[in-house]
Amino acid sequence: MSTESEAFTFDVGPDAEATMLLCHGFTGNPSSLRPWGEHLRDAGYNVICPLLPGHGLPWRELAKTRWPDWYGAIDRSLDAALDLGRPVFAGGLSMGGTLALRLAEHRGAELSGLVLVNPAIYDDKPHGFLAPVLRHIVPSVGAIGSDLAKPDTREQTSDRTPLAAFASLRRLWRDTRAGLPRVTVPVRIFTSAVDHVVHPRNSAVVRAGIRSKDVESTILPRSYHVATLDYDAETVFSGTVEFMTRQLAETRGVHD
């Protein structure tokens with residue numbers, strides 16, 4: 001596993017106004033979010049991005065894990081983020097967005113907002129429901145990562161996609177989708193116009209299901225699924241800073 005794919009933490013010190021907890025996607029690793037994290041660090045925010053269990057390793061290791069393992073890592077990372085003593089936001093790409101939403105469903109009072117990039121909340125593939133059965137016959141299928149419009153950029157992902165873990169991911173989508181009405185924190189959603197992994201309708205399902213009063217959406221016209229490494233990455237990065245800055249200012253206004 002390369003250094004880039006490992007978990008990273010940026011503690012910018014006592015002047016940090018907030019902390020962002022970043023969550024990577026299924027079969028991915030923190031390298032897909034590192035440029036996002038570095039931009040937030042340079043803007044003066046703390047950043048924590050864990051490596052989810054089973055990820056960043058050969059696919060047979062990922063096959064041994066299930067969604068409670070992944071959510072448990074994010075849940076513990078929220079505790080670590082809160083320990084830094086600043087307001088905490090959560091952001092995620094793809095399944096990372098699912099995990100951030102689930103965090104808001106269960107621990108929303110401890111979060112100042114969510115930033116979601118191509119969040120996944122349901123399976124639009126007609127054969128997806130077969131995964132729980134097929135996993136006993138075909139343990140893995142081809143890799144699903146690196147959906148990028150940029151021709152010279154590659155995403156680091158697992159070499160194969162284990163169907164046992166994918167079947168568990170589908171259960172995470174189902175349970176998180178059912179809990180969307182519990183999400184009331186401010187939300188910023190970035191959705192690629194063309195996404196070959198997670199259909200853009202997923203973002204519409206999220207918007208329709210949550211009960212947040214402050215929801216802002218942005219279409220990314222030039223990027224595919226891994227938008228944090230693609231042509232519109234700067235739109236995501238600067239939009240995240242703008243969102244966090246505004247939420248913190250509004251919170252200060254309420255308490256002044």
# chains A, B, ... in the order shown; residues from 1 in each chain; ligands from 1
$ closest_atom_pairs --of "range 99-209 of chain A" --to "range 17-26 of chain A" --cutoff "10 Å" --atoms "only C-alpha atoms" --output "CSV"
residue,atom,partner,partner_atom,distance
A:Leu99,CA,A:Cys23,CA,7.2
A:Ala100,CA,A:Cys23,CA,7.1
A:Leu111,CA,A:Met20,CA,9.9
A:Ser112,CA,A:Ala18,CA,9.2
A:Gly113,CA,A:Met20,CA,9.6
A:Leu114,CA,A:Met20,CA,9.3
A:Val115,CA,A:Leu22,CA,9.1
A:Leu116,CA,A:Cys23,CA,9.7
A:Pro119,CA,A:Gly25,CA,9.2
A:Ala120,CA,A:Gly25,CA,9.3
A:Ile144,CA,A:Phe26,CA,9.1
A:Gly145,CA,A:Phe26,CA,8.8
A:Thr157,CA,A:Phe26,CA,8.5
A:Ser158,CA,A:Phe26,CA,8.9
A:Thr161,CA,A:Phe26,CA,9.0
A:Ala165,CA,A:Phe26,CA,9.1
A:Phe166,CA,A:Phe26,CA,8.4
A:Leu169,CA,A:Phe26,CA,8.2
$ residues_around --residues "Arg102 in chain A" --least-positions-apart "5" --cutoff "10 Å" --atoms "only C-alpha atoms" --output "list of chain:residue names"
A:Tyr71, A:Ile74, A:Asp75, A:Gly96, A:Gly97, A:Arg107, A:Gly108, A:Leu172, A:Trp173, A:Asp175, A:Thr176, A:Arg177, A:Gly179, A:Leu180, A:Arg182, A:Val183
$ select_by_dssp --residues "range 13-237 of chain A" --states "strand (DSSP E)" --output "compact mmCIF listing (two decimals) with C-alpha atoms, in the first residue's frame"
# COMPACT_ATOMS: atom_id res chain seq x y z
CA THR A 19 -12.51 20.20 11.30
CA MET A 20 -13.56 18.25 8.22
CA LEU A 21 -14.00 14.48 8.45
CA LEU A 22 -13.58 13.02 4.95
CA CYS A 23 -14.87 9.59 3.90
CA ASN A 46 -8.25 20.56 10.31
CA VAL A 47 -8.85 17.42 8.24
CA ILE A 48 -9.22 13.76 9.23
CA CYS A 49 -9.55 11.05 6.57
CA VAL A 88 -17.00 19.30 12.78
CA PHE A 89 -18.24 18.84 9.22
CA ALA A 90 -18.36 15.52 7.36
CA GLY A 91 -17.71 15.09 3.65
CA GLY A 92 -17.69 12.07 1.41
CA LEU A 93 -17.35 10.73 -2.11
CA GLY A 113 -22.92 20.23 8.02
CA LEU A 114 -22.32 17.71 5.24
CA VAL A 115 -20.57 17.98 1.87
CA LEU A 116 -21.50 15.15 -0.49
CA VAL A 117 -19.84 14.39 -3.83
CA SER A 140 -15.49 -11.09 -7.21
CA VAL A 141 -15.98 -9.07 -10.39
CA GLY A 142 -13.82 -6.49 -12.14
CA ARG A 160 -11.27 -6.60 -7.86
CA THR A 161 -14.74 -5.93 -6.42
CA PRO A 162 -15.74 -8.59 -3.86
CA VAL A 187 -25.99 19.96 3.21
CA ARG A 188 -23.95 20.85 0.12
CA ILE A 189 -24.21 18.36 -2.78
CA PHE A 190 -21.95 18.17 -5.83
CA THR A 191 -23.20 15.93 -8.64
CA SER A 192 -21.45 15.04 -11.87
CA VAL A 215 -29.53 22.39 0.98
CA GLU A 216 -27.47 23.63 -1.98
CA SER A 217 -26.70 21.60 -5.10
CA THR A 218 -24.10 22.08 -7.83
CA ILE A 219 -23.81 20.21 -11.12
CA LEU A 220 -20.28 19.34 -12.23
$ closest_residue --among "A:Glu6, A:Asp123, A:Asp159, A:Glu105" --to "Asn202 in chain A" --atoms "only C-alpha atoms"
A:Asp123
